[in-house]
Amino acid sequence: MKVINVVGARPNFMKIAPLYHALRKEDWAKRHIVHTGQHYDLNMSDAFFRDLRLPDPDFHLGVGSGTHAEQTGRVMMAYEKLLLQEKPDLVIVVGDVNSTLACALATTKICFTQIIKPSSLPAAQPPSYSGHRPLLAHLEAGLRSFDRTMPEEINRIVTDSLSDILWTPSPDADENLRREGIPDEKIIRVGNIMIDSLEMLREEIQRQQMCKQLGLRDKDYAVVTLHRPSNVDTPVVLESICDSLVQISKKIRIVFPVHPRTRKNLISFGFIRQLEETPGILLTEPVNYIRFMSLIFDCRFVLTDSGGIQEETTYLGIPCLTLRPNTERPITVEQGTNKLTTPAKMVKDADTILCADTFSSQVPELWDGRTAQRIIESIKEISGSTY
Ligand code: UD1
């Protein structure tokens with residue numbers, strides 16, 4: 001079985017790595033990694049491949065940045081050519097970035113023509129032709145924020161509606177898919193794949209002690225990450241977030257690895273100096289997986305607008321403030337350590353965390369580091385145990 005694992009942007013790498021390693025142990029699977037090139041900086045891409053022990057991608061489409069239509073279109077055009085050349089049996093897309101959507105669309109629209117010459121056909125009859133396409137599987141299916149102003153929500157809805165196999169992380173995801181009319185037999189709950197990456201690298205993460213390298217003490221700092229257009233693309237919103245960060249930094253040191261989109265806007269809106277000159281705030285370049293997870297392991301709390309970090313903090317029992325009006329990962333609020341906040345409320349919410357002694361939280365079912373193995377079983381079952 002020829003399996004293509006598609007990756008494009010930073011949050012994809014830790015989702016594909018455990019699956020790639022699990023597939024490597026299966027002699028029936030010929031696996032390839034296709035990198036669309038949506039993220040291309042060393043510290044947004046290559047550093048993650050190294051940390052997650054992934055080989056160089058077998059194919060790199062090099063599409064780079066652009067508007068949504070440009071980026072999606074460029075991925076589709078390049079990926080379609082690759083599909084025709086490689087003719088995979090199964091394509092696995094992960095998460096909700098533009099590359100996920102583009103490769104899902106190209107996969108379901110492709111048609112490989114096959115010449116059928118069954119021995120039962122009388123010799124006089126010409127061979128017949130049939131068209132087929134690869135199976136499309138979506139890993140991390142079913143998440144919904146119900147906010148269609150988020151580009152990722154559109155990517156999730158379309159990718160799920162096209163997929164043949166929907167591997168979900170939690171019961172709410174199953175329910176969302178059923179509500180959209182996806183048949184039960186396509187929905188397979190496998191758990192949270194990112195926890196597999198975290199467990200695979202736990203020892204190295206714990207050895208790293210990144211906070212000490214930055215001159216910080218265990219539990220004596222907060223980590224901030226921001227990159228959503230709704231937070232960083234509008235000057236008035238970004239300004240109010242910066243002001244709140246300065247307030248919070250008077251109570252606890254802040255480490256803020258800055259995403260390229262955010263850095264560009266902090267510079268062009270003229271806010272970067274305010275942050276750089278605040279003694280309690282440390283701005284860094286984006287940090288690779290092991291060093292970043294080490295920062296998360298030892299911090300007091302996280303303030304973020306990322307999707308994945310909401311899940312990682314829930315698993316680790318670390319308080320998380322999510323700077324968004326909604327989340328596609330409600331289980332992290334219901335069972336875990338996550339709380340939604342706003343630029344106006346974040347100082348007070350940070351104070352509440354700093355004053356609390358303990359937090360009760362629960363790790364959702366199947367977030368156990370064995371998701372990749374469940375996916376392998378699922379592939380075998382779907383393919384009728386041919387493999
Ligand atoms: C993308 C995903 C988002 C994900 C995020 C993680 C979509 C719609 N968005 O957002 O869901 O949470 O990745 O980072 O797919 N840039 C660089 N170097 C890079 C990559 C980007 O400088 O390696 C800059 C470029 O100026 C680019 C901008 O960042 O225009 C935004 O990159 P893009 O991939 O379009 O979106 P993200 O904001 O990273």
# chains A, B, ... in the order shown; residues from 1 in each chain; ligands from 1
call {"tool": "residues_around", "arguments": {"residues": "Asn326 (chain A)", "least_positions_apart": "6", "cutoff": "8 Å", "atoms": "only C-alpha atoms", "output": "JSON, numbers by chain"}}
result
{"A": [145, 147, 340]}
call {"tool": "residues_near_ligand", "arguments": {"ligand": "ligand 1", "cutoff": "6 Å", "atoms": "only C-alpha atoms and all ligand atoms", "output": "JSON, numbers by chain"}}
result
{"A": [9, 10, 11, 38, 39, 40, 41, 44, 65, 66, 97, 98, 151, 152, 227, 260, 261]}
call {"tool": "residues_around", "arguments": {"residues": "Gln71 (chain A)", "least_positions_apart": "2", "cutoff": "10 Å", "atoms": "only C-alpha atoms", "output": "PyMOL selection string"}}
result
chain A and resi 36-38+63-69+73-76+98-99+102
call {"tool": "write_last_selection", "arguments": {"atoms": "N, CA and C atoms", "output": "compact mmCIF listing (two decimals), in the first residue's frame"}}
result
# COMPACT_ATOMS: atom_id res chain seq x y z
N THR A 36 4.38 20.54 1.52
CA THR A 36 3.91 21.53 0.54
C THR A 36 4.79 22.77 0.52
N GLY A 37 5.50 23.03 1.65
CA GLY A 37 6.33 24.24 1.71
C GLY A 37 5.56 25.46 2.20
N GLN A 38 4.33 25.26 2.75
CA GLN A 38 3.59 26.41 3.30
C GLN A 38 4.45 27.12 4.34
N VAL A 63 5.70 25.73 -2.12
CA VAL A 63 4.71 26.74 -2.52
C VAL A 63 4.87 28.08 -1.80
N GLY A 64 5.35 28.09 -0.56
CA GLY A 64 5.59 29.34 0.17
C GLY A 64 4.31 30.07 0.56
N SER A 65 4.47 31.37 0.87
CA SER A 65 3.36 32.18 1.38
C SER A 65 2.55 32.80 0.25
N GLY A 66 1.41 33.39 0.63
CA GLY A 66 0.56 34.07 -0.35
C GLY A 66 -0.82 34.27 0.25
N THR A 67 -1.74 34.82 -0.55
CA THR A 67 -3.11 34.93 -0.06
C THR A 67 -3.67 33.51 0.05
N HIS A 68 -4.85 33.38 0.64
CA HIS A 68 -5.42 32.04 0.80
C HIS A 68 -5.61 31.36 -0.56
N ALA A 69 -6.17 32.12 -1.53
CA ALA A 69 -6.43 31.52 -2.84
C ALA A 69 -5.11 31.16 -3.52
N GLY A 73 -4.32 27.35 -4.22
CA GLY A 73 -4.23 27.03 -5.64
C GLY A 73 -2.86 26.46 -6.00
N ARG A 74 -1.81 27.09 -5.48
CA ARG A 74 -0.46 26.61 -5.82
C ARG A 74 -0.23 25.19 -5.30
N VAL A 75 -0.73 24.92 -4.07
CA VAL A 75 -0.57 23.55 -3.53
C VAL A 75 -1.34 22.58 -4.41
N MET A 76 -2.58 22.93 -4.78
CA MET A 76 -3.40 22.00 -5.59
C MET A 76 -2.71 21.67 -6.91
N ASN A 98 -4.15 25.47 5.31
CA ASN A 98 -4.50 25.56 3.89
C ASN A 98 -3.98 24.36 3.10
N SER A 99 -2.82 23.84 3.47
CA SER A 99 -2.26 22.68 2.75
C SER A 99 -3.16 21.45 2.91
N ALA A 102 -6.10 21.97 0.50
CA ALA A 102 -5.69 21.91 -0.91
C ALA A 102 -5.42 20.46 -1.32
call {"tool": "select_by_dssp", "arguments": {"residues": "region 174-216 of chain A", "states": "alpha helix (DSSP H)", "output": "number ranges by chain"}}
result
A: 174-179, 193-200, 202-208, 210-213
call {"tool": "closest_residue", "arguments": {"among": "A:Ile254, A:Ala47, A:Cys320, A:Leu52", "to": "Leu214 (chain A)", "atoms": "only C-alpha atoms"}}
result
A:Ile254
call {"tool": "residues_around", "arguments": {"residues": "Glu334 (chain A)", "least_positions_apart": "6", "cutoff": "12 Å", "atoms": "only C-alpha atoms", "output": "list in words"}}
result
Asp172, Gln310, Glu311, Thr314, Thr327, Leu340, Ser360, Ser361, Gln362, Val363 and Pro364 of chain A
call {"tool": "write_last_selection", "arguments": {"atoms": "N, CA and C atoms", "output": "compact mmCIF listing (two decimals), in the first residue's frame"}}
result
# COMPACT_ATOMS: atom_id res chain seq x y z
N ASP A 172 -16.77 14.85 21.11
CA ASP A 172 -17.43 16.02 20.52
C ASP A 172 -17.20 16.07 19.01
N GLN A 310 -3.49 24.22 23.45
CA GLN A 310 -4.63 23.99 24.36
C GLN A 310 -4.68 22.52 24.78
N GLU A 311 -4.34 21.64 23.83
CA GLU A 311 -4.41 20.20 24.11
C GLU A 311 -3.21 19.73 24.92
N THR A 314 -3.58 20.73 28.51
CA THR A 314 -4.58 19.89 29.18
C THR A 314 -3.97 18.55 29.57
N THR A 327 -13.40 27.95 20.86
CA THR A 327 -12.38 26.94 20.59
C THR A 327 -13.01 25.75 19.89
N LEU A 340 -11.10 30.28 28.10
CA LEU A 340 -11.06 31.30 27.04
C LEU A 340 -10.95 32.68 27.69
N SER A 360 -7.87 21.47 39.16
CA SER A 360 -8.28 20.10 38.91
C SER A 360 -8.50 19.95 37.40
N SER A 361 -8.00 18.89 36.86
CA SER A 361 -8.20 18.64 35.44
C SER A 361 -8.10 17.15 35.18
N GLN A 362 -8.55 16.79 34.02
CA GLN A 362 -8.65 15.37 33.66
C GLN A 362 -8.07 15.21 32.26
N VAL A 363 -7.41 14.10 32.01
CA VAL A 363 -6.90 13.84 30.65
C VAL A 363 -7.99 13.12 29.87
N PRO A 364 -8.40 13.67 28.72
CA PRO A 364 -9.47 13.00 27.95
C PRO A 364 -9.09 11.58 27.54
call {"tool": "decode", "arguments": {"residues": "region 282-301 of chain A", "atoms": "N, CA and C atoms", "output": "CSV table (one decimal), in the first residue's frame"}}
result
chain,number,residue,atom,x,y,z
A,282,LEU,N,10.5,38.5,27.5
A,282,LEU,CA,11.6,38.1,26.7
A,282,LEU,C,11.1,37.6,25.4
A,283,LEU,N,11.4,38.3,24.3
A,283,LEU,CA,11.0,37.9,23.0
A,283,LEU,C,12.0,37.0,22.4
A,284,THR,N,11.6,35.9,21.8
A,284,THR,CA,12.6,35.0,21.1
A,284,THR,C,12.1,34.7,19.7
A,285,GLU,N,12.9,34.1,18.9
A,285,GLU,CA,12.5,33.6,17.6
A,285,GLU,C,11.6,32.3,17.9
A,286,PRO,N,10.8,31.9,16.9
A,286,PRO,CA,10.1,30.6,17.1
A,286,PRO,C,11.0,29.5,17.6
A,287,VAL,N,10.5,28.7,18.5
A,287,VAL,CA,11.4,27.7,19.1
A,287,VAL,C,11.1,26.3,18.6
A,288,ASN,N,12.1,25.4,18.3
A,288,ASN,CA,11.8,24.1,17.8
A,288,ASN,C,11.0,23.2,18.9
A,289,TYR,N,10.6,22.0,18.4
A,289,TYR,CA,9.6,21.3,19.2
A,289,TYR,C,10.1,20.9,20.7
A,290,ILE,N,11.3,20.4,20.7
A,290,ILE,CA,11.8,19.9,22.0
A,290,ILE,C,12.0,21.1,23.0
A,291,ARG,N,12.6,22.1,22.5
A,291,ARG,CA,12.9,23.3,23.4
A,291,ARG,C,11.5,24.0,23.8
A,292,PHE,N,10.6,24.0,22.8
A,292,PHE,CA,9.3,24.7,23.2
A,292,PHE,C,8.6,23.8,24.2
A,293,MET,N,8.5,22.5,24.0
A,293,MET,CA,7.8,21.7,25.0
A,293,MET,C,8.5,21.7,26.3
A,294,SER,N,9.8,21.9,26.4
A,294,SER,CA,10.5,22.0,27.6
A,294,SER,C,10.0,23.3,28.3
A,295,LEU,N,9.9,24.4,27.6
A,295,LEU,CA,9.4,25.6,28.1
A,295,LEU,C,8.0,25.4,28.7
A,296,ILE,N,7.1,24.7,28.0
A,296,ILE,CA,5.8,24.5,28.5
A,296,ILE,C,5.8,23.6,29.7
A,297,PHE,N,6.6,22.5,29.7
A,297,PHE,CA,6.6,21.6,30.9
A,297,PHE,C,6.9,22.4,32.2
A,298,ASP,N,7.7,23.4,32.1
A,298,ASP,CA,8.2,24.0,33.4
A,298,ASP,C,7.5,25.4,33.7
A,299,CYS,N,6.6,25.8,32.8
A,299,CYS,CA,6.0,27.2,33.1
A,299,CYS,C,4.9,27.1,34.1
A,300,ARG,N,4.5,28.3,34.5
A,300,ARG,CA,3.4,28.5,35.5
A,300,ARG,C,2.1,28.4,34.7
A,301,PHE,N,2.0,29.1,33.6
A,301,PHE,CA,0.8,29.0,32.8
A,301,PHE,C,1.2,29.5,31.4
